[in-house]
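Structure first, commentary second.
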Protein chains: 2
Amino acid sequence: MNNTINEVSKKLRAQEYKLTPQREKILRVMLENKDKHLSADEVYILVKEKSPDVGLATVYRTMELFLDNDIIHSVNFGDGCKRYEYGGEKDGHHHHHAICLECGDIIEIDEDLLEDLEAKVSQDKNFQITNHELKLFGYCKKCAD
Amino acid sequence: MNNTINEVSKKLRAQEYKLTPQREKILRVMLENKDKHLSADEVYILVKEKSPDVGLATVYRTMELFLDNDIIHSVNFGDGCKRYEYGGEKDGHHHHHAICLECGDIIEIDEDLLEDLEAKVSQDKNFQITNHELKLFGYCKKCAD
DNA sequence: CTTATTGCAAAAGTTTTGCACTATA
DNA sequence: TATAGTGCAAAACTTTTGCAATAAG
């Protein structure tokens, strides 16, 4: 993890940004919650637990900075706020989500499986695809009728 | 179009809801903008042009009603607000979107092409899929390098 | 008449911004 | 000591809600 933090620090410095103590704390929270989809407020609460003197505005500004520098990416599940996950867009196409309409559980789908579709769209529509986002809605094992 | 309005009216009455004049005006705006993705505020502005005495709260409440009754569906492009499009979820899996990162253009993709992927996910994860949402990001013909 | 629906204004929730203060190179 | 970064509070936006007035069966 410290290795990752160093890499991020380097990436930021390359763009003349600093990895300040606050930003590092926020980054640590993102790394410790790689599997979750945290809202800005949730990040804020988690950061506050260990460092009570970090402001919510700093969290928002840091998320924006991390997004711009491709350190995190955001997803929107339509629940009223943006959610963030460690890992940039340019790290390649990332995983999909299956969202249970009953219990709200989110299942990660690591396989890609969109190559054929993308090939067709790129050809038919003359659209150069750099990334994608797929959400499947339905019912998980527990909740299926 | 009047035909569609009658169908919606029937659908609502079946659930003991009325197609009030306000709701009909909102529905007309949705029908006149089938190809667009309107925010609540944009719908409000369009409705106001012809009927200045309709309130924004009514637009929000009507969108909720139309969503519940599968008359419209919503999409979220991460720009700070929900967007709505005529046509329900249950009308079958609907089209995908290719979003140009340069000019913001949204290209509709009518083909589905996700059957194989869904079959695999449903089997591997034991997840019963009822709908999906796919966004492709990249560069359109005009903007491609 | 009785109940659903509406408009308005207020409230709630998320995100952004202005500004004075602080840390840091 | 310049400049980037921060915390706080205020503002901006989207969405929801309470409530009295209205409309419609």
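Each chain in the structure tokens gets a letter, A, B, ..., in the order shown, and its residues are numbered from 1; ligands are numbered from 1 in order too.
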
Check which residues of chain A sit at most 12 Å from chain D using only C-alpha atoms (C1' of nucleotides), and return one row each with the closest pair of atoms and their distance in Å to one decimal, ordered by chain and rising number, as a tab-separated table.
residue	atom	partner	partner_atom	distance
A:Glu16	CA	D:DA4	C1'	9.8
A:Tyr17	CA	D:DA4	C1'	8.4
A:Lys18	CA	D:DA4	C1'	8.6
A:Leu19	CA	D:DG5	C1'	10.3
A:Thr20	CA	D:DG5	C1'	8.2
A:Pro21	CA	D:DG5	C1'	10.6
A:Gln22	CA	D:DT6	C1'	9.0
A:Arg23	CA	D:DG5	C1'	10.1
A:Pro52	CA	D:DG7	C1'	11.5
A:Asp53	CA	D:DG7	C1'	8.3
A:Val54	CA	D:DG7	C1'	7.5
A:Gly55	CA	D:DG7	C1'	5.8
A:Leu56	CA	D:DG7	C1'	8.6
A:Ala57	CA	D:DG7	C1'	7.9
A:Thr58	CA	D:DT6	C1'	6.9
A:Val59	CA	D:DT6	C1'	10.5
A:Arg61	CA	D:DG5	C1'	10.1
A:Thr62	CA	D:DG5	C1'	10.4
A:Asp79	CA	D:DT15	C1'	11.6
A:Gly80	CA	D:DT15	C1'	9.0
A:Cys81	CA	D:DT14	C1'	10.9

Would you write out those residues with N, CA, C and O atoms, as a compact mmCIF listing (two decimals), in the first residue's frame?
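Now in part22.txt:
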# COMPACT_ATOMS: atom_id res chain seq x y z
N GLU A 16 2.61 18.84 -10.84
CA GLU A 16 2.79 19.98 -9.94
C GLU A 16 1.73 20.07 -8.83
O GLU A 16 1.39 21.15 -8.39
N TYR A 17 1.22 18.89 -8.43
CA TYR A 17 0.34 18.85 -7.28
C TYR A 17 1.07 18.13 -6.16
O TYR A 17 1.92 17.28 -6.40
N LYS A 18 0.65 18.43 -4.93
CA LYS A 18 1.30 17.77 -3.79
C LYS A 18 0.38 16.72 -3.18
O LYS A 18 -0.83 16.88 -3.19
N LEU A 19 0.98 15.68 -2.64
CA LEU A 19 0.19 14.74 -1.85
C LEU A 19 0.28 15.20 -0.40
O LEU A 19 1.12 14.75 0.37
N THR A 20 -0.60 16.11 -0.05
CA THR A 20 -0.60 16.68 1.31
C THR A 20 -1.07 15.62 2.30
O THR A 20 -1.62 14.59 1.90
N PRO A 21 -0.86 15.87 3.61
CA PRO A 21 -1.34 14.91 4.62
C PRO A 21 -2.82 14.60 4.46
O PRO A 21 -3.23 13.44 4.52
N GLN A 22 -3.63 15.62 4.21
CA GLN A 22 -5.07 15.38 4.04
C GLN A 22 -5.33 14.48 2.83
O GLN A 22 -6.10 13.52 2.92
N ARG A 23 -4.70 14.80 1.73
CA ARG A 23 -4.91 14.00 0.53
C ARG A 23 -4.45 12.57 0.75
O ARG A 23 -5.09 11.63 0.27
N PRO A 52 -9.85 14.08 12.71
CA PRO A 52 -11.07 14.88 12.86
C PRO A 52 -10.98 16.26 12.24
O PRO A 52 -12.00 16.92 12.09
N ASP A 53 -9.80 16.69 11.90
CA ASP A 53 -9.66 18.07 11.44
C ASP A 53 -9.57 18.20 9.92
O ASP A 53 -8.95 19.11 9.40
N VAL A 54 -10.20 17.26 9.22
CA VAL A 54 -10.25 17.37 7.77
C VAL A 54 -11.65 17.81 7.37
O VAL A 54 -12.63 17.31 7.88
N GLY A 55 -11.73 18.76 6.47
CA GLY A 55 -13.02 19.32 6.08
C GLY A 55 -13.66 18.60 4.90
O GLY A 55 -12.98 17.99 4.08
N LEU A 56 -14.99 18.67 4.86
CA LEU A 56 -15.72 18.03 3.77
C LEU A 56 -15.35 18.65 2.42
O LEU A 56 -15.23 17.95 1.42
N ALA A 57 -15.14 19.95 2.40
CA ALA A 57 -14.78 20.62 1.15
C ALA A 57 -13.47 20.07 0.61
O ALA A 57 -13.30 19.91 -0.60
N THR A 58 -12.56 19.75 1.51
CA THR A 58 -11.29 19.17 1.08
C THR A 58 -11.49 17.80 0.47
O THR A 58 -10.84 17.45 -0.52
N VAL A 59 -12.42 17.04 1.03
CA VAL A 59 -12.72 15.73 0.45
C VAL A 59 -13.23 15.92 -0.98
O VAL A 59 -12.73 15.29 -1.91
N ARG A 61 -12.79 18.45 -2.98
CA ARG A 61 -11.71 18.96 -3.85
C ARG A 61 -10.70 17.87 -4.17
O ARG A 61 -10.19 17.80 -5.29
N THR A 62 -10.47 17.01 -3.21
CA THR A 62 -9.50 15.93 -3.44
C THR A 62 -10.06 14.89 -4.40
O THR A 62 -9.34 14.38 -5.26
N ASP A 79 -28.60 7.07 -6.66
CA ASP A 79 -29.11 7.22 -5.31
C ASP A 79 -28.85 8.61 -4.74
O ASP A 79 -28.83 8.80 -3.54
N GLY A 80 -28.64 9.56 -5.62
CA GLY A 80 -28.56 10.94 -5.16
C GLY A 80 -27.16 11.48 -4.94
O GLY A 80 -27.00 12.64 -4.56
N CYS A 81 -26.15 10.65 -5.13
CA CYS A 81 -24.79 11.17 -4.99
C CYS A 81 -23.82 10.38 -5.85
O CYS A 81 -24.07 9.23 -6.18

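For chain C, the residues close to chain B, meaning within 10 Å and counting only C-alpha atoms (C1' of nucleotides), are DA4, DT5, DT6, DG7, DC8, DT14 and DT15 of chain C.
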
Keeping only N, CA and C atoms (P, O5', C5', C4', C3', O3' and C1' of nucleotides), write the selected residues as a CSV table (one decimal), in the first residue's frame.
chain,number,residue,atom,x,y,z
C,4,DA,P,-57.3,9.8,-1.9
C,4,DA,O5',-56.9,10.5,-3.2
C,4,DA,C5',-57.5,10.1,-4.4
C,4,DA,C4',-57.1,11.0,-5.5
C,4,DA,C3',-55.6,11.2,-5.7
C,4,DA,O3',-55.4,11.3,-7.1
C,4,DA,C1',-56.5,13.3,-5.1
C,5,DT,P,-54.0,11.5,-7.8
C,5,DT,O5',-53.9,13.1,-7.8
C,5,DT,C5',-54.8,13.8,-8.7
C,5,DT,C4',-54.4,15.3,-8.6
C,5,DT,C3',-52.9,15.5,-8.8
C,5,DT,O3',-52.8,16.4,-9.9
C,5,DT,C1',-53.8,16.8,-7.0
C,6,DT,P,-51.4,16.9,-10.4
C,6,DT,O5',-51.4,18.4,-9.8
C,6,DT,C5',-52.4,19.3,-10.2
C,6,DT,C4',-52.2,20.6,-9.4
C,6,DT,C3',-50.8,21.2,-9.5
C,6,DT,O3',-50.9,22.5,-10.2
C,6,DT,C1',-51.6,21.2,-7.3
C,7,DG,P,-49.5,23.1,-10.8
C,7,DG,O5',-49.3,24.3,-9.7
C,7,DG,C5',-50.3,25.2,-9.5
C,7,DG,C4',-49.8,26.1,-8.3
C,7,DG,C3',-48.4,26.7,-8.4
C,7,DG,O3',-48.4,28.0,-8.1
C,7,DG,C1',-48.7,25.5,-6.4
C,8,DC,P,-47.2,29.0,-8.4
C,8,DC,O5',-46.7,29.3,-6.9
C,8,DC,C5',-47.6,29.7,-5.9
C,8,DC,C4',-47.0,29.4,-4.6
C,8,DC,C3',-45.5,29.8,-4.4
C,8,DC,O3',-45.4,30.9,-3.5
C,8,DC,C1',-46.0,27.7,-3.4
C,14,DT,P,-26.8,13.6,1.2
C,14,DT,O5',-26.2,14.4,-0.1
C,14,DT,C5',-26.7,14.0,-1.4
C,14,DT,C4',-26.0,15.0,-2.4
C,14,DT,C3',-24.5,15.0,-2.4
C,14,DT,O3',-24.1,14.8,-3.7
C,14,DT,C1',-25.3,17.2,-2.2
C,15,DT,P,-22.6,14.6,-4.1
C,15,DT,O5',-22.1,16.1,-4.4
C,15,DT,C5',-22.7,16.7,-5.5
C,15,DT,C4',-22.2,18.2,-5.6
C,15,DT,C3',-20.7,18.3,-5.6
C,15,DT,O3',-20.4,19.0,-6.8
C,15,DT,C1',-21.7,19.9,-4.1

Closest atom pairs, chain A residues within 10 Å of chain B, only C-alpha atoms, as CSV:
residue,atom,partner,partner_atom,distance
A:Ser74,CA,B:Gly78,CA,8.8
A:Val75,CA,B:Gly78,CA,8.0
A:Asn76,CA,B:Gly78,CA,6.5
A:Phe77,CA,B:Asn76,CA,8.2
A:Gly78,CA,B:Asn76,CA,6.6
A:Asp79,CA,B:Lys82,CA,9.9
A:Gly80,CA,B:Cys81,CA,8.5
A:Cys81,CA,B:Gly80,CA,8.4
A:Lys82,CA,B:Gly78,CA,7.4
A:His96,CA,B:Leu134,CA,9.7
A:His97,CA,B:His132,CA,9.9
A:Ala98,CA,B:Phe127,CA,7.9
A:Ile99,CA,B:Ile129,CA,9.1
A:Cys100,CA,B:Phe127,CA,8.3
A:Leu101,CA,B:Thr130,CA,9.3
A:Ile107,CA,B:Lys125,CA,8.4
A:Glu108,CA,B:Lys125,CA,9.6
A:Ile109,CA,B:Val121,CA,7.9
A:Glu111,CA,B:Val121,CA,9.2
A:Asp112,CA,B:Leu117,CA,8.8
A:Leu113,CA,B:Leu117,CA,6.2
A:Leu114,CA,B:Leu117,CA,7.7
A:Asp116,CA,B:Leu113,CA,8.6
A:Leu117,CA,B:Leu113,CA,6.2
A:Glu118,CA,B:Leu136,CA,8.4
A:Lys120,CA,B:Leu113,CA,9.4
A:Val121,CA,B:Ile109,CA,7.9
A:Ser122,CA,B:Cys140,CA,9.3
A:Asp124,CA,B:Ile109,CA,9.8
A:Lys125,CA,B:Lys141,CA,7.9
A:Asn126,CA,B:Lys141,CA,5.6
A:Phe127,CA,B:Cys140,CA,4.6
A:Gln128,CA,B:Tyr139,CA,5.0
A:Ile129,CA,B:Gly138,CA,4.3
A:Thr130,CA,B:Gly138,CA,4.7
A:Asn131,CA,B:Phe137,CA,5.0
A:His132,CA,B:Leu136,CA,4.3
A:Glu133,CA,B:Lys135,CA,5.2
A:Leu134,CA,B:Leu134,CA,4.5
A:Lys135,CA,B:Glu133,CA,5.1
A:Leu136,CA,B:His132,CA,4.3
A:Phe137,CA,B:Asn131,CA,5.0
A:Gly138,CA,B:Ile129,CA,4.3
A:Tyr139,CA,B:Gln128,CA,5.0
A:Cys140,CA,B:Phe127,CA,4.6
A:Lys141,CA,B:Asn126,CA,5.6
A:Lys142,CA,B:Phe127,CA,9.2
A:Cys143,CA,B:Phe127,CA,9.2
A:Ala144,CA,B:Gln128,CA,6.8
A:Asp145,CA,B:Gln128,CA,9.4

Please, could you write that set of residues out with N, CA and C atoms as a short mmCIF file (atom, residue, chain, number, x, y, z; two decimals), in the first residue's frame?
data_model
loop_
_atom_site.label_atom_id
_atom_site.label_comp_id
_atom_site.auth_asym_id
_atom_site.auth_seq_id
_atom_site.Cartn_x
_atom_site.Cartn_y
_atom_site.Cartn_z
N SER A 74 -15.42 7.48 -10.90
CA SER A 74 -16.70 7.62 -10.20
C SER A 74 -17.78 6.79 -10.87
N VAL A 75 -18.74 6.39 -10.09
CA VAL A 75 -19.92 5.69 -10.59
C VAL A 75 -21.15 6.34 -10.00
N ASN A 76 -22.25 6.20 -10.68
CA ASN A 76 -23.48 6.79 -10.20
C ASN A 76 -24.57 5.74 -10.21
N PHE A 77 -25.03 5.37 -9.03
CA PHE A 77 -26.08 4.36 -8.95
C PHE A 77 -27.46 4.99 -8.82
N GLY A 78 -27.53 6.28 -9.09
CA GLY A 78 -28.82 6.95 -9.08
C GLY A 78 -29.42 7.13 -7.70
N ASP A 79 -28.60 7.07 -6.66
CA ASP A 79 -29.11 7.22 -5.31
C ASP A 79 -28.85 8.61 -4.74
N GLY A 80 -28.64 9.56 -5.62
CA GLY A 80 -28.56 10.94 -5.16
C GLY A 80 -27.16 11.48 -4.94
N CYS A 81 -26.15 10.65 -5.13
CA CYS A 81 -24.79 11.17 -4.99
C CYS A 81 -23.82 10.38 -5.85
N LYS A 82 -22.73 11.04 -6.21
CA LYS A 82 -21.66 10.35 -6.93
C LYS A 82 -20.95 9.41 -5.96
N HIS A 96 -17.87 -4.50 -14.20
CA HIS A 96 -19.28 -4.09 -14.26
C HIS A 96 -19.97 -4.35 -12.94
N HIS A 97 -21.21 -3.90 -12.86
CA HIS A 97 -21.97 -4.06 -11.62
C HIS A 97 -23.33 -4.69 -11.89
N ALA A 98 -23.69 -5.64 -11.06
CA ALA A 98 -25.05 -6.18 -11.09
C ALA A 98 -25.73 -5.72 -9.80
N ILE A 99 -26.82 -5.01 -9.96
CA ILE A 99 -27.47 -4.36 -8.82
C ILE A 99 -28.79 -5.03 -8.53
N CYS A 100 -28.94 -5.53 -7.30
CA CYS A 100 -30.18 -6.21 -6.92
C CYS A 100 -31.25 -5.18 -6.59
N LEU A 101 -32.38 -5.29 -7.28
CA LEU A 101 -33.47 -4.32 -7.10
C LEU A 101 -34.19 -4.52 -5.78
N ILE A 107 -23.11 -6.62 -7.01
CA ILE A 107 -22.17 -7.70 -7.30
C ILE A 107 -21.21 -7.22 -8.39
N GLU A 108 -19.93 -7.43 -8.13
CA GLU A 108 -18.92 -7.00 -9.10
C GLU A 108 -18.74 -8.09 -10.14
N ILE A 109 -18.65 -7.67 -11.38
CA ILE A 109 -18.42 -8.64 -12.45
C ILE A 109 -17.10 -8.28 -13.12
N GLU A 111 -15.29 -9.99 -15.41
CA GLU A 111 -15.07 -10.27 -16.82
C GLU A 111 -15.52 -9.11 -17.69
N ASP A 112 -14.95 -9.02 -18.82
CA ASP A 112 -15.30 -7.90 -19.67
C ASP A 112 -16.41 -8.25 -20.65
N LEU A 113 -16.14 -9.12 -21.60
CA LEU A 113 -17.18 -9.68 -22.46
C LEU A 113 -17.85 -8.70 -23.41
N LEU A 114 -17.31 -7.52 -23.52
CA LEU A 114 -17.95 -6.55 -24.39
C LEU A 114 -17.19 -6.33 -25.71
N ASP A 116 -16.92 -7.92 -28.54
CA ASP A 116 -17.67 -8.08 -29.79
C ASP A 116 -18.61 -6.91 -30.02
N LEU A 117 -19.31 -6.57 -28.94
CA LEU A 117 -20.25 -5.46 -29.04
C LEU A 117 -19.51 -4.17 -29.42
N GLU A 118 -18.40 -3.94 -28.75
CA GLU A 118 -17.66 -2.71 -29.01
C GLU A 118 -17.11 -2.68 -30.44
N LYS A 120 -18.44 -3.99 -33.00
CA LYS A 120 -19.54 -3.69 -33.90
C LYS A 120 -19.93 -2.22 -33.86
N VAL A 121 -20.03 -1.69 -32.64
CA VAL A 121 -20.41 -0.29 -32.51
C VAL A 121 -19.35 0.61 -33.11
N SER A 122 -18.09 0.30 -32.85
CA SER A 122 -17.05 1.17 -33.38
C SER A 122 -17.08 1.21 -34.88
N ASP A 124 -19.88 0.32 -36.92
CA ASP A 124 -21.15 0.84 -37.44
C ASP A 124 -21.31 2.34 -37.23
N LYS A 125 -20.90 2.81 -36.08
CA LYS A 125 -21.16 4.21 -35.73
C LYS A 125 -19.93 5.08 -35.88
N ASN A 126 -18.80 4.46 -36.24
CA ASN A 126 -17.58 5.22 -36.37
C ASN A 126 -17.27 5.95 -35.07
N PHE A 127 -17.38 5.22 -33.98
CA PHE A 127 -17.16 5.80 -32.66
C PHE A 127 -15.99 5.08 -32.01
N GLN A 128 -15.00 5.87 -31.58
CA GLN A 128 -13.79 5.27 -31.01
C GLN A 128 -13.94 5.12 -29.50
N ILE A 129 -14.12 3.87 -29.06
CA ILE A 129 -14.45 3.62 -27.66
C ILE A 129 -13.21 3.56 -26.78
N THR A 130 -13.23 4.33 -25.70
CA THR A 130 -12.10 4.27 -24.78
C THR A 130 -12.48 3.63 -23.45
N ASN A 131 -13.76 3.62 -23.15
CA ASN A 131 -14.17 3.02 -21.88
C ASN A 131 -15.66 2.70 -21.93
N HIS A 132 -16.12 1.98 -20.94
CA HIS A 132 -17.53 1.67 -20.89
C HIS A 132 -17.99 1.46 -19.46
N GLU A 133 -19.28 1.47 -19.29
CA GLU A 133 -19.85 1.27 -17.97
C GLU A 133 -21.13 0.47 -18.16
N LEU A 134 -21.20 -0.69 -17.53
CA LEU A 134 -22.37 -1.54 -17.68
C LEU A 134 -22.98 -1.85 -16.33
N LYS A 135 -24.28 -1.62 -16.24
CA LYS A 135 -25.00 -2.00 -15.02
C LYS A 135 -26.09 -2.98 -15.40
N LEU A 136 -26.15 -4.08 -14.64
CA LEU A 136 -27.23 -5.05 -14.84
C LEU A 136 -28.15 -4.94 -13.65
N PHE A 137 -29.43 -4.84 -13.92
CA PHE A 137 -30.40 -4.76 -12.83
C PHE A 137 -31.18 -6.06 -12.77
N GLY A 138 -31.54 -6.47 -11.58
CA GLY A 138 -32.31 -7.69 -11.44
C GLY A 138 -32.33 -8.15 -10.00
N TYR A 139 -32.33 -9.47 -9.82
CA TYR A 139 -32.46 -10.01 -8.48
C TYR A 139 -31.36 -11.02 -8.18
N CYS A 140 -30.73 -10.85 -7.03
CA CYS A 140 -29.63 -11.73 -6.65
C CYS A 140 -30.18 -13.07 -6.15
N LYS A 141 -29.27 -13.99 -5.92
CA LYS A 141 -29.62 -15.35 -5.50
C LYS A 141 -30.61 -15.33 -4.32
N LYS A 142 -30.28 -14.53 -3.31
CA LYS A 142 -31.11 -14.44 -2.11
C LYS A 142 -32.52 -13.95 -2.41
N CYS A 143 -32.60 -12.97 -3.31
CA CYS A 143 -33.88 -12.27 -3.50
C CYS A 143 -34.72 -12.78 -4.68
N ALA A 144 -34.14 -13.63 -5.51
CA ALA A 144 -34.90 -14.10 -6.68
C ALA A 144 -36.15 -14.82 -6.20
N ASP A 145 -37.22 -14.60 -6.91
CA ASP A 145 -38.52 -15.20 -6.50
C ASP A 145 -38.42 -16.72 -6.40
#

### Task
List every residue of chain B that DSSP, applied to the backbone, labels as helix (DSSP H, G or I), and write the result as a PyMOL selection string.
chain B and resi 2-14+21-32+40-50+56-68+89-91+115-125

### Task
Write out as a list in words the residues lying within 12 Å of Gln15 in chain B, counting only C-alpha atoms (C1' of nucleotides) and excluding same-chain residues fewer than 6 positions away.
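Listing them by chain and then by number gives Val8, Ser9, Leu65, Phe66, Asp68, Asn69 and Asp70 of chain B.
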
### Message
Which of range 20-83 of chain B end up as strand (DSSP E) when DSSP is run on this backbone - answer as an MDAnalysis selection string?
### Response
chainID B and resid 38:39 72:75 83

If you keep N, CA and C atoms, can you produce a file of those selected residues as a PDB file, in the first residue's frame?
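Contents of the output file selection.pdb:
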ATOM      1  N   LEU B  38     -34.113  14.661 -21.020  1.00  0.00           N
ATOM      2  CA  LEU B  38     -34.437  15.899 -20.332  1.00  0.00           C
ATOM      3  C   LEU B  38     -34.341  15.767 -18.823  1.00  0.00           C
ATOM      4  N   SER B  39     -33.812  16.797 -18.191  1.00  0.00           N
ATOM      5  CA  SER B  39     -33.834  16.870 -16.738  1.00  0.00           C
ATOM      6  C   SER B  39     -35.191  17.395 -16.302  1.00  0.00           C
ATOM      7  N   ILE B  72     -42.082   6.241 -18.412  1.00  0.00           N
ATOM      8  CA  ILE B  72     -40.773   6.789 -18.777  1.00  0.00           C
ATOM      9  C   ILE B  72     -39.701   5.978 -18.039  1.00  0.00           C
ATOM     10  N   HIS B  73     -38.458   6.233 -18.353  1.00  0.00           N
ATOM     11  CA  HIS B  73     -37.366   5.682 -17.553  1.00  0.00           C
ATOM     12  C   HIS B  73     -36.336   6.779 -17.353  1.00  0.00           C
ATOM     13  N   SER B  74     -35.422   6.562 -16.432  1.00  0.00           N
ATOM     14  CA  SER B  74     -34.438   7.600 -16.167  1.00  0.00           C
ATOM     15  C   SER B  74     -33.030   7.114 -16.467  1.00  0.00           C
ATOM     16  N   VAL B  75     -32.196   8.050 -16.814  1.00  0.00           N
ATOM     17  CA  VAL B  75     -30.771   7.775 -17.017  1.00  0.00           C
ATOM     18  C   VAL B  75     -29.976   8.819 -16.256  1.00  0.00           C
ATOM     19  N   ARG B  83     -31.980  12.309 -15.598  1.00  0.00           N
ATOM     20  CA  ARG B  83     -32.574  12.679 -16.878  1.00  0.00           C
ATOM     21  C   ARG B  83     -33.604  11.629 -17.269  1.00  0.00           C
TER      22      ARG B  83
END

### Query
If you measure from CA of Leu67 in chain A to CA of Leu12 in chain A, what distance in Å do you get, rounded to one decimal?
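It comes out at 11.5 Å.
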
#### Entry: Atom pair CA of Val47 in chain B / CA of Cys103 in chain B: separation (Å)
27.5 Å

### Query
So how many Å separate C1' of DT2 in chain C and CA of Ile26 in chain B, to one decimal?
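Value for the C1' of DT2 in chain C-CA of Ile26 in chain B distance: 26.8 Å.
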